[in-house]
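Shown below: query_22.pdb, with PDB, C-alpha atoms and all ligand atoms.
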```pdb
ATOM      1  CA  MET A   1      49.327  30.479 -48.492  1.00  0.00           C
ATOM      2  CA  ILE A   2      52.583  32.080 -47.408  1.00  0.00           C
ATOM      3  CA  GLU A   3      53.175  29.387 -44.844  1.00  0.00           C
ATOM      4  CA  ASN A   4      53.083  26.745 -47.598  1.00  0.00           C
ATOM      5  CA  LEU A   5      55.524  28.665 -49.786  1.00  0.00           C
ATOM      6  CA  GLU A   6      57.920  29.037 -46.899  1.00  0.00           C
ATOM      7  CA  TYR A   7      57.679  25.320 -46.214  1.00  0.00           C
ATOM      8  CA  ILE A   8      58.404  24.450 -49.865  1.00  0.00           C
ATOM      9  CA  LYS A   9      61.409  26.790 -49.878  1.00  0.00           C
ATOM     10  CA  LYS A  10      62.741  25.147 -46.772  1.00  0.00           C
ATOM     11  CA  TYR A  11      62.033  21.469 -47.385  1.00  0.00           C
ATOM     12  CA  GLY A  12      61.259  21.205 -51.137  1.00  0.00           C
ATOM     13  CA  THR A  13      58.105  20.213 -53.024  1.00  0.00           C
ATOM     14  CA  GLY A  14      58.393  16.510 -52.219  1.00  0.00           C
ATOM     15  CA  LYS A  15      58.263  17.052 -48.492  1.00  0.00           C
ATOM     16  CA  PHE A  16      55.429  19.514 -48.895  1.00  0.00           C
ATOM     17  CA  LEU A  17      53.270  17.026 -50.846  1.00  0.00           C
ATOM     18  CA  GLU A  18      54.077  14.336 -48.310  1.00  0.00           C
ATOM     19  CA  ARG A  19      52.739  16.585 -45.599  1.00  0.00           C
ATOM     20  CA  GLU A  20      49.587  17.400 -47.598  1.00  0.00           C
ATOM     21  CA  VAL A  21      48.873  13.699 -48.138  1.00  0.00           C
ATOM     22  CA  ALA A  22      49.447  12.979 -44.458  1.00  0.00           C
ATOM     23  CA  LYS A  23      46.649  15.430 -43.620  1.00  0.00           C
ATOM     24  CA  TRP A  24      44.148  13.077 -45.229  1.00  0.00           C
ATOM     25  CA  ARG A  25      45.426   9.930 -43.573  1.00  0.00           C
ATOM     26  CA  CYS A  26      43.488   8.449 -40.687  1.00  0.00           C
ATOM     27  CA  SER A  27      45.634   8.435 -37.557  1.00  0.00           C
ATOM     28  CA  ALA A  28      43.878   5.304 -36.308  1.00  0.00           C
ATOM     29  CA  CYS A  29      44.130   2.939 -39.309  1.00  0.00           C
ATOM     30  CA  GLY A  30      46.080   4.804 -42.008  1.00  0.00           C
ATOM     31  CA  GLY A  31      43.050   4.866 -44.315  1.00  0.00           C
ATOM     32  CA  ILE A  32      41.960   7.734 -46.515  1.00  0.00           C
ATOM     33  CA  ILE A  33      39.942  10.455 -44.863  1.00  0.00           C
ATOM     34  CA  CYS A  34      36.976  11.858 -46.775  1.00  0.00           C
ATOM     35  CA  CYS A  35      37.516  15.527 -47.569  1.00  0.00           C
ATOM     36  CA  HIS A  36      33.760  16.209 -47.369  1.00  0.00           C
ATOM     37  CA  ASN A  37      33.299  15.350 -43.717  1.00  0.00           C
ATOM     38  CA  GLY A  38      36.676  14.465 -42.268  1.00  0.00           C
ATOM     39  CA  LEU A  39      35.769  10.866 -41.506  1.00  0.00           C
ATOM     40  CA  CYS A  40      37.898   7.858 -42.363  1.00  0.00           C
ATOM     41  CA  PHE A  41      36.523   5.657 -45.154  1.00  0.00           C
ATOM     42  CA  ASP A  42      37.663   2.561 -43.264  1.00  0.00           C
ATOM     43  CA  CYS A  43      37.192   2.869 -39.522  1.00  0.00           C
ATOM     44  CA  GLY A  44      34.863   5.896 -39.761  1.00  0.00           C
ATOM     45  CA  LEU A  45      32.155   4.116 -41.758  1.00  0.00           C
ATOM     46  CA  ASP A  46      29.882   3.361 -38.788  1.00  0.00           C
ATOM     47  CA  LYS A  47      30.117   6.943 -37.683  1.00  0.00           C
ATOM     48  CA  LEU A  48      29.389   8.065 -41.228  1.00  0.00           C
ATOM     49  CA  ARG A  49      26.212   5.957 -41.404  1.00  0.00           C
ATOM     50  CA  GLN A  50      24.877   7.536 -38.215  1.00  0.00           C
ATOM     51  CA  LYS A  51      25.278  11.029 -39.511  1.00  0.00           C
ATOM     52  CA  LYS A  52      22.242  12.901 -40.779  1.00  0.00           C
ATOM     53  CA  HIS A  53      24.223  15.200 -42.970  1.00  0.00           C
ATOM     54  CA  LYS A  54      26.813  13.038 -44.644  1.00  0.00           C
ATOM     55  CA  TYR A  55      28.505  15.758 -46.581  1.00  0.00           C
ATOM     56  CA  CYS A  56      29.196  18.437 -44.075  1.00  0.00           C
ATOM     57  CA  TRP A  57      31.540  18.891 -41.167  1.00  0.00           C
ATOM     58  CA  GLU A  58      29.899  18.716 -37.787  1.00  0.00           C
ATOM     59  CA  GLU A  59      31.005  19.533 -34.252  1.00  0.00           C
TER      60      GLU A  59
HETATM   61 ZN    ZN A 101      40.582   4.933 -40.026  1.00  0.00          ZN
END
```
Structure encoded using structure tokens:
Amino acid sequence: MIENLEYIKKYGTGKFLEREVAKWRCSACGGIICCHNGLCFDCGLDKLRQKKHKYCWEE
């Protein structure tokens, strides 16, 4: 993605990776967010159990 390349040019690879990791951090508890459904492995577990389709993004 061009946007990513521009970001790396501007801030360096370290900053870029930091930002990528932050994308998968839960804003509520700082836990890891599952890339399959966007739910937090820590505080999103109850929500995850209620889902019919555990491995797809809903809403
Ligand atoms: Zn969480």
Check: Could you state the separation of atom CA of A:Thr13 and atom CA of A:Asp42 in Å, given to one decimal place?
Finding: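 Atom CA of A:Thr13 sits 28.7 Å away from atom CA of A:Asp42.
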Note to self: How would you report the residues lying within 10 Å of ligand ZN 101 (chain A), as number ranges by chain, if you count all atoms listed in the file?
What the structure shows: A: 25-33, 39-45
Notebook entry, point to check: Closest to A:His36 among A:Leu48, A:Gly12, A:Met1, A:Glu18, using all atoms listed in the file?
Noted result: A:Leu48
Note to self: What does the structure give for the distance between atom CA of A:Lys51 and atom CA of A:Asn37, in Å to one decimal?
What the structure shows: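 For atom CA of A:Lys51 relative to atom CA of A:Asn37, the distance reads 10.0 Å.
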Checklist line | Shell of 12 Å around stretch 3-5 of chain A, only C-alpha atoms, local chain residues under 2 positions omitted, as a list in words | finding: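 My list of contacting residues is Met1, Tyr7, Ile8, Lys9, Lys10, Tyr11, Gly12, Thr13, Lys15, Phe16, Leu17, Arg19 and Glu20 of chain A.
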Write out the residues from the selection above, keeping C-alpha atoms, as a compact mmCIF listing (two decimals), in the frame of the given file.
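As written to disk, part.txt reads:
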```txt
# COMPACT_ATOMS: atom_id res chain seq x y z
CA MET A 1 49.33 30.48 -48.49
CA TYR A 7 57.68 25.32 -46.21
CA ILE A 8 58.40 24.45 -49.86
CA LYS A 9 61.41 26.79 -49.88
CA LYS A 10 62.74 25.15 -46.77
CA TYR A 11 62.03 21.47 -47.38
CA GLY A 12 61.26 21.20 -51.14
CA THR A 13 58.10 20.21 -53.02
CA LYS A 15 58.26 17.05 -48.49
CA PHE A 16 55.43 19.51 -48.90
CA LEU A 17 53.27 17.03 -50.85
CA ARG A 19 52.74 16.58 -45.60
CA GLU A 20 49.59 17.40 -47.60
```
Stretch 37-55 of chain A rebuilt with N, CA and C atoms, output as a PDB file, in the frame of the given file:
```pdb
ATOM      1  N   ASN A  37      33.757  15.342 -45.102  1.00  0.00           N
ATOM      2  CA  ASN A  37      33.299  15.350 -43.717  1.00  0.00           C
ATOM      3  C   ASN A  37      34.383  15.009 -42.708  1.00  0.00           C
ATOM      4  N   GLY A  38      35.573  14.703 -43.178  1.00  0.00           N
ATOM      5  CA  GLY A  38      36.676  14.465 -42.268  1.00  0.00           C
ATOM      6  C   GLY A  38      36.673  13.107 -41.607  1.00  0.00           C
ATOM      7  N   LEU A  39      35.813  12.203 -42.099  1.00  0.00           N
ATOM      8  CA  LEU A  39      35.769  10.866 -41.506  1.00  0.00           C
ATOM      9  C   LEU A  39      36.553   9.879 -42.359  1.00  0.00           C
ATOM     10  N   CYS A  40      37.127   8.896 -41.685  1.00  0.00           N
ATOM     11  CA  CYS A  40      37.898   7.858 -42.363  1.00  0.00           C
ATOM     12  C   CYS A  40      36.957   6.937 -43.136  1.00  0.00           C
ATOM     13  N   PHE A  41      37.343   6.565 -44.354  1.00  0.00           N
ATOM     14  CA  PHE A  41      36.523   5.657 -45.154  1.00  0.00           C
ATOM     15  C   PHE A  41      36.536   4.239 -44.597  1.00  0.00           C
ATOM     16  N   ASP A  42      37.566   3.911 -43.830  1.00  0.00           N
ATOM     17  CA  ASP A  42      37.663   2.561 -43.264  1.00  0.00           C
ATOM     18  C   ASP A  42      37.032   2.480 -41.882  1.00  0.00           C
ATOM     19  N   CYS A  43      37.709   3.033 -40.880  1.00  0.00           N
ATOM     20  CA  CYS A  43      37.192   2.869 -39.522  1.00  0.00           C
ATOM     21  C   CYS A  43      36.111   3.898 -39.183  1.00  0.00           C
ATOM     22  N   GLY A  44      35.870   4.887 -40.060  1.00  0.00           N
ATOM     23  CA  GLY A  44      34.863   5.896 -39.761  1.00  0.00           C
ATOM     24  C   GLY A  44      33.509   5.596 -40.376  1.00  0.00           C
ATOM     25  N   LEU A  45      33.383   4.435 -41.015  1.00  0.00           N
ATOM     26  CA  LEU A  45      32.155   4.116 -41.758  1.00  0.00           C
ATOM     27  C   LEU A  45      30.904   4.063 -40.874  1.00  0.00           C
ATOM     28  N   ASP A  46      31.031   3.444 -39.690  1.00  0.00           N
ATOM     29  CA  ASP A  46      29.882   3.361 -38.788  1.00  0.00           C
ATOM     30  C   ASP A  46      29.426   4.751 -38.376  1.00  0.00           C
ATOM     31  N   LYS A  47      30.401   5.575 -38.084  1.00  0.00           N
ATOM     32  CA  LYS A  47      30.117   6.943 -37.683  1.00  0.00           C
ATOM     33  C   LYS A  47      29.437   7.686 -38.839  1.00  0.00           C
ATOM     34  N   LEU A  48      29.913   7.409 -40.038  1.00  0.00           N
ATOM     35  CA  LEU A  48      29.389   8.065 -41.228  1.00  0.00           C
ATOM     36  C   LEU A  48      27.922   7.698 -41.446  1.00  0.00           C
ATOM     37  N   ARG A  49      27.587   6.419 -41.202  1.00  0.00           N
ATOM     38  CA  ARG A  49      26.212   5.957 -41.404  1.00  0.00           C
ATOM     39  C   ARG A  49      25.244   6.622 -40.436  1.00  0.00           C
ATOM     40  N   GLN A  50      25.746   6.944 -39.225  1.00  0.00           N
ATOM     41  CA  GLN A  50      24.877   7.536 -38.215  1.00  0.00           C
ATOM     42  C   GLN A  50      24.629   9.019 -38.448  1.00  0.00           C
ATOM     43  N   LYS A  51      25.406   9.589 -39.310  1.00  0.00           N
ATOM     44  CA  LYS A  51      25.278  11.029 -39.511  1.00  0.00           C
ATOM     45  C   LYS A  51      24.057  11.376 -40.354  1.00  0.00           C
ATOM     46  N   LYS A  52      23.403  12.467 -40.010  1.00  0.00           N
ATOM     47  CA  LYS A  52      22.242  12.901 -40.779  1.00  0.00           C
ATOM     48  C   LYS A  52      22.696  13.641 -42.032  1.00  0.00           C
ATOM     49  N   HIS A  53      23.705  14.447 -41.833  1.00  0.00           N
ATOM     50  CA  HIS A  53      24.223  15.200 -42.970  1.00  0.00           C
ATOM     51  C   HIS A  53      25.576  14.638 -43.343  1.00  0.00           C
ATOM     52  N   LYS A  54      25.606  13.770 -44.335  1.00  0.00           N
ATOM     53  CA  LYS A  54      26.813  13.038 -44.644  1.00  0.00           C
ATOM     54  C   LYS A  54      27.899  13.916 -45.258  1.00  0.00           C
ATOM     55  N   TYR A  55      27.499  14.994 -45.862  1.00  0.00           N
ATOM     56  CA  TYR A  55      28.505  15.758 -46.581  1.00  0.00           C
ATOM     57  C   TYR A  55      28.804  17.123 -46.002  1.00  0.00           C
TER      58      TYR A  55
END
```
